[in-house]
Amino acid sequence: MTTIFGVLLTVGGVAVALWLIRMRRSVATAFGDPASAVALVGFALLTNAAPALAGSHSSMLIGVLVVALLAWLALSGRGLLRGPSDLWLRISLAMAGGLLAWCALIDIVTGTGIYGSRLPAYGAAGLLLIAVWMMAARTTVSVRAMAYTGLAVLALLAIPTALSGQAAWRACTGGKLEKCSLAGALFKSFYNSENYAAMLASFTLVAAFCAMRRAELVATASFCLLVIVATGSRTSYLAVGAVAVWMLGALLVQRLRPSPRIPFALCVALVVGALTAATYLMWSASKTTLSNRGNIWVAAREYLSGREAVGVGVSKWYYLQDIEKAPTHFFHSGYVLVIFSGGLVALTLFGLWMATLLHRNVEDGHAFTAKAPVVLLVVYSFTEVVWNPLSVDGLTWIIVLLALTASASAAPARKPAPGPVDLVDHPGRFAALRRLTGRHDAAAAR
């Protein structure tokens, strides 16, 4: 079965790549302009290809890509240091910057300071936030841009499958943690975890349901589901199922009353509920909770004991791993990562970042649909690290596009600066008079 699935993944990946090339004008429209499309899709592809291209030096390559993105923004004139005009996006980016600064400070002042080589990762995260701030001054994208980018990344991961043989698969697990897929193995591409590929496919699938229709949606959903089924990721099934409920509610709300913004009270309620549940899950977990993820969370909370309010710094996790006091896995929860790195203070900043991102205005009145990928982030972060705010990796493009998204399916209209005529003549008030005058002049000419 792995051979059959391998061929399907490779053929599907090639078909998707060719289709994206054919649809390049639509892709450019989703990003606002061709240059932004090339820059952001290229950034996503290269950060995901970094492990295959650079191996153990992949972090260095990703750092170079962040610097290159920042340089392109500065040299092309797209980067305006005044940042975005949208107030809620400004607040959201400020929360992300505050979260990074707080966690880095805690890491520096706690114990013997930053352990290992985490300082460059902090620097890369800071430069990326600056790049997003500059890009948001002029660039706004639609959810369709996330779907296109996700398809490009999935094609990158899927195309080599048939040629790489068993190297693209991980053996099924047995015993209490039995896990397998219909392929008889777990698809991981050139990464070490099948959950990574499933995460990419899940965000692409949700974005496609938000922005695509008819044959385009069927083809995209089929490819994403093929990847998810091949990975055997139960987390993806549950997370996508939860967001499907949100989508059904969103479609009903938008049919009754389209809204450009989700009420802030609802955003806060959703985020506070998630933070509360995640905190309870961390402190109540046993070592076997959720497929042994609790083993990681127990180690984190034991080392965190006494510093729950402020955290200890993410680099200390690598210290614990080196002295064999912690599992070799990363945190397997975005919320646990934040609590360990900066305590409840960081968790508060993380929650404010998500709430403001949810509340940000969209220009086509489909706020509940356009924010479905953010809801997926909230849900997925219970058991996976979708966004590491203290570093840059192959998933960071998801957060960049979430920050820049301003509509559901159509590219947001660029608002030109008002000229002298616009300041005097308001079309809405004088359109009828102009039509009447035009008919009178035409009749006189005859």
# chains A, B, ... in the order shown; residues from 1 in each chain; ligands from 1
>>> residues_around(residues="stretch 246-260 of chain A", least_positions_apart="2", cutoff="12 Å", atoms="only C-alpha atoms", output="PyMOL selection string")
chain A and resi 206-211+239-244+262-263+270+358-376+379+406-408
>>> residues_around(residues="stretch 175-190 of chain A", least_positions_apart="6", cutoff="7 Å", atoms="only C-alpha atoms", output="MDAnalysis selection string")
chainID A and resid 1:2 5 52 157:158 161 168:169 197 229:232 291
>>> closest_residue(among="A:Leu128, A:Ile114, A:Val109, A:Leu154", to="A:Val14", atoms="only C-alpha atoms")
A:Leu154
>>> residues_around(residues="A:Ala131", least_positions_apart="5", cutoff="10 Å", atoms="only C-alpha atoms", output="NGL selection string")
:A and (66-67 or 69-74 or 79-81 or 83 or 125-126 or 136 or 400)
>>> select_by_dssp(residues="stretch 72-316 of chain A", states="strand (DSSP E or B)", output="compact mmCIF listing (two decimals) with N, CA and C atoms, in the first residue's frame")
# COMPACT_ATOMS: atom_id res chain seq x y z
N VAL A 141 -3.57 40.07 2.11
CA VAL A 141 -3.85 38.87 1.32
C VAL A 141 -5.22 38.32 1.70
N SER A 142 -5.68 37.37 0.91
CA SER A 142 -6.93 36.66 1.21
C SER A 142 -6.60 35.27 1.74
N TRP A 169 8.50 7.31 4.76
CA TRP A 169 7.49 6.73 5.65
C TRP A 169 8.10 6.37 6.99
N ARG A 170 7.25 6.37 8.01
CA ARG A 170 7.64 5.91 9.34
C ARG A 170 6.81 4.69 9.68
N THR A 173 3.12 2.35 14.76
CA THR A 173 3.42 2.05 16.16
C THR A 173 2.45 0.99 16.66
N LYS A 179 -0.79 3.16 16.13
CA LYS A 179 -1.09 4.23 15.17
C LYS A 179 -0.63 3.79 13.80
N LEU A 186 3.28 5.52 8.08
CA LEU A 186 2.94 6.91 8.38
C LEU A 186 3.75 7.83 7.48
N PHE A 187 3.08 8.59 6.62
CA PHE A 187 3.78 9.47 5.68
C PHE A 187 4.41 10.65 6.41
N SER A 259 -20.74 39.97 8.61
CA SER A 259 -20.06 40.85 9.56
C SER A 259 -18.59 40.98 9.19
>>> residues_around(residues="A:Thr328", least_positions_apart="2", cutoff="12 Å", atoms="only C-alpha atoms", output="PDB file with N, CA, C and O atoms, in the first residue's frame")
ATOM      1  N   ARG A 293       1.927  12.353  25.371  1.00  0.00           N
ATOM      2  CA  ARG A 293       2.324  13.759  25.392  1.00  0.00           C
ATOM      3  C   ARG A 293       2.457  14.253  26.828  1.00  0.00           C
ATOM      4  O   ARG A 293       3.244  15.157  27.112  1.00  0.00           O
ATOM      5  N   ASN A 295       3.907  12.919  29.156  1.00  0.00           N
ATOM      6  CA  ASN A 295       5.269  12.707  29.619  1.00  0.00           C
ATOM      7  C   ASN A 295       6.113  13.973  29.449  1.00  0.00           C
ATOM      8  O   ASN A 295       6.950  14.311  30.301  1.00  0.00           O
ATOM      9  N   ILE A 296       5.861  14.677  28.352  1.00  0.00           N
ATOM     10  CA  ILE A 296       6.561  15.937  28.093  1.00  0.00           C
ATOM     11  C   ILE A 296       6.065  17.015  29.047  1.00  0.00           C
ATOM     12  O   ILE A 296       6.862  17.766  29.642  1.00  0.00           O
ATOM     13  N   ALA A 299       7.313  16.687  32.683  1.00  0.00           N
ATOM     14  CA  ALA A 299       8.702  17.133  32.819  1.00  0.00           C
ATOM     15  C   ALA A 299       8.786  18.659  32.811  1.00  0.00           C
ATOM     16  O   ALA A 299       9.549  19.262  33.580  1.00  0.00           O
ATOM     17  N   TRP A 317      14.955  23.910  28.176  1.00  0.00           N
ATOM     18  CA  TRP A 317      14.435  22.617  27.759  1.00  0.00           C
ATOM     19  C   TRP A 317      15.529  21.786  27.095  1.00  0.00           C
ATOM     20  O   TRP A 317      15.622  20.576  27.299  1.00  0.00           O
ATOM     21  N   TYR A 318      16.399  22.440  26.313  1.00  0.00           N
ATOM     22  CA  TYR A 318      17.496  21.743  25.664  1.00  0.00           C
ATOM     23  C   TYR A 318      18.535  21.288  26.697  1.00  0.00           C
ATOM     24  O   TYR A 318      19.154  20.231  26.541  1.00  0.00           O
ATOM     25  N   TYR A 319      18.686  22.076  27.743  1.00  0.00           N
ATOM     26  CA  TYR A 319      19.559  21.668  28.841  1.00  0.00           C
ATOM     27  C   TYR A 319      19.023  20.402  29.499  1.00  0.00           C
ATOM     28  O   TYR A 319      19.770  19.448  29.759  1.00  0.00           O
ATOM     29  N   LEU A 320      17.713  20.367  29.764  1.00  0.00           N
ATOM     30  CA  LEU A 320      17.100  19.184  30.371  1.00  0.00           C
ATOM     31  C   LEU A 320      17.244  17.966  29.467  1.00  0.00           C
ATOM     32  O   LEU A 320      17.447  16.844  29.948  1.00  0.00           O
ATOM     33  N   GLN A 321      17.116  18.174  28.166  1.00  0.00           N
ATOM     34  CA  GLN A 321      17.294  17.059  27.240  1.00  0.00           C
ATOM     35  C   GLN A 321      18.727  16.538  27.253  1.00  0.00           C
ATOM     36  O   GLN A 321      18.967  15.332  27.228  1.00  0.00           O
ATOM     37  N   ASP A 322      19.684  17.457  27.328  1.00  0.00           N
ATOM     38  CA  ASP A 322      21.088  17.054  27.315  1.00  0.00           C
ATOM     39  C   ASP A 322      21.484  16.275  28.568  1.00  0.00           C
ATOM     40  O   ASP A 322      22.364  15.407  28.504  1.00  0.00           O
ATOM     41  N   ILE A 323      20.862  16.580  29.687  1.00  0.00           N
ATOM     42  CA  ILE A 323      21.172  15.840  30.919  1.00  0.00           C
ATOM     43  C   ILE A 323      20.173  14.697  31.145  1.00  0.00           C
ATOM     44  O   ILE A 323      20.137  14.104  32.224  1.00  0.00           O
ATOM     45  N   GLU A 324      19.357  14.438  30.121  1.00  0.00           N
ATOM     46  CA  GLU A 324      18.396  13.324  30.120  1.00  0.00           C
ATOM     47  C   GLU A 324      17.360  13.441  31.241  1.00  0.00           C
ATOM     48  O   GLU A 324      16.941  12.442  31.834  1.00  0.00           O
ATOM     49  N   LYS A 325      16.925  14.670  31.497  1.00  0.00           N
ATOM     50  CA  LYS A 325      15.850  14.910  32.456  1.00  0.00           C
ATOM     51  C   LYS A 325      14.539  15.250  31.767  1.00  0.00           C
ATOM     52  O   LYS A 325      13.536  15.525  32.425  1.00  0.00           O
ATOM     53  N   ALA A 326      14.547  15.267  30.432  1.00  0.00           N
ATOM     54  CA  ALA A 326      13.347  15.581  29.651  1.00  0.00           C
ATOM     55  C   ALA A 326      13.313  14.701  28.410  1.00  0.00           C
ATOM     56  O   ALA A 326      14.368  14.264  27.925  1.00  0.00           O
ATOM     57  N   PHE A 330       9.945  17.864  21.338  1.00  0.00           N
ATOM     58  CA  PHE A 330       9.655  19.241  21.718  1.00  0.00           C
ATOM     59  C   PHE A 330       8.351  19.232  22.511  1.00  0.00           C
ATOM     60  O   PHE A 330       7.821  18.183  22.845  1.00  0.00           O
ATOM     61  N   PHE A 331       7.744  20.363  22.804  1.00  0.00           N
ATOM     62  CA  PHE A 331       6.692  20.448  23.803  1.00  0.00           C
ATOM     63  C   PHE A 331       5.365  19.800  23.402  1.00  0.00           C
ATOM     64  O   PHE A 331       4.552  19.483  24.253  1.00  0.00           O
ATOM     65  N   HIS A 332       5.124  19.627  22.115  1.00  0.00           N
ATOM     66  CA  HIS A 332       3.866  19.033  21.645  1.00  0.00           C
ATOM     67  C   HIS A 332       2.651  19.813  22.135  1.00  0.00           C
ATOM     68  O   HIS A 332       1.563  19.264  22.290  1.00  0.00           O
TER      69      HIS A 332
END
>>> select_by_dssp(residues="stretch 17-85 of chain A", states="helix (DSSP H, G or I)", output="MDAnalysis selection string")
chainID A and resid 17:22 24:31 34:76
>>> residues_around(residues="A:Ile228", least_positions_apart="5", cutoff="7 Å", atoms="only C-alpha atoms", output="mmCIF file with all heavy atoms, in the first residue's frame")
data_model
loop_
_atom_site.group_PDB
_atom_site.id
_atom_site.type_symbol
_atom_site.label_atom_id
_atom_site.label_comp_id
_atom_site.auth_asym_id
_atom_site.auth_seq_id
_atom_site.Cartn_x
_atom_site.Cartn_y
_atom_site.Cartn_z
ATOM 1 N N ALA A 198 0.802 16.488 8.319
ATOM 2 C CA ALA A 198 -0.637 16.564 8.582
ATOM 3 C C ALA A 198 -1.055 17.978 8.950
ATOM 4 O O ALA A 198 -2.140 18.434 8.568
ATOM 5 C CB ALA A 198 -1.006 15.599 9.702
ATOM 6 N N ALA A 201 -1.275 20.054 5.792
ATOM 7 C CA ALA A 201 -2.457 19.677 5.022
ATOM 8 C C ALA A 201 -3.732 20.191 5.685
ATOM 9 O O ALA A 201 -4.681 20.591 4.999
ATOM 10 C CB ALA A 201 -2.509 18.154 4.864
ATOM 11 N N SER A 233 -2.686 10.839 11.003
ATOM 12 C CA SER A 233 -2.699 11.772 12.140
ATOM 13 C C SER A 233 -4.097 11.919 12.726
ATOM 14 O O SER A 233 -4.988 12.500 12.105
ATOM 15 C CB SER A 233 -2.179 13.144 11.693
ATOM 16 O OG SER A 233 -2.305 14.092 12.726
#
>>> atom_distance(atom1="atom CA of A:Arg144", atom2="atom CA of A:Ala221")
13.2 Å
>>> atom_distance(atom1="atom CA of A:Val336", atom2="atom CA of A:Leu200")
20.8 Å
>>> residues_around(residues="stretch 303-316 of chain A", least_positions_apart="4", cutoff="9 Å", atoms="only C-alpha atoms", output="CSV table (one decimal) with C-alpha atoms, in the first residue's frame")
chain,number,residue,atom,x,y,z
A,102,TRP,CA,9.6,38.8,27.5
A,103,CYS,CA,10.6,35.2,26.9
A,104,ALA,CA,14.0,36.2,25.7
A,105,LEU,CA,14.5,38.3,28.8
A,106,ILE,CA,13.4,35.5,31.1
A,107,ASP,CA,15.8,33.1,29.4
A,108,ILE,CA,18.7,35.6,29.9
A,109,VAL,CA,18.1,36.3,33.6
A,110,THR,CA,17.1,32.8,34.7
A,111,GLY,CA,19.8,30.5,36.0
A,113,GLY,CA,21.4,32.5,31.1
A,114,ILE,CA,20.6,31.2,27.6
A,115,TYR,CA,21.8,27.7,27.2
A,116,GLY,CA,23.3,26.6,23.9
A,117,SER,CA,22.8,28.5,20.7
A,118,ARG,CA,19.3,29.8,21.1
A,298,VAL,CA,5.0,16.5,33.4
A,299,ALA,CA,8.7,17.1,32.8
A,320,LEU,CA,17.1,19.2,30.4
A,321,GLN,CA,17.3,17.1,27.2
A,337,LEU,CA,5.9,26.0,25.1
A,338,VAL,CA,4.7,29.5,26.0
A,339,ILE,CA,4.2,28.7,29.7
A,340,PHE,CA,7.6,27.1,30.0
A,341,SER,CA,9.3,29.9,28.2
A,342,GLY,CA,7.6,32.9,29.9
A,343,GLY,CA,5.1,31.6,32.4
A,344,LEU,CA,1.6,32.9,32.8
A,345,VAL,CA,2.7,36.4,31.8
A,346,ALA,CA,3.7,34.9,28.4
A,390,LEU,CA,10.7,32.4,19.7
>>> closest_residue(among="A:Leu349, A:Leu9, A:Ala49, A:Val386", to="A:Ser222", atoms="only C-alpha atoms")
A:Leu9
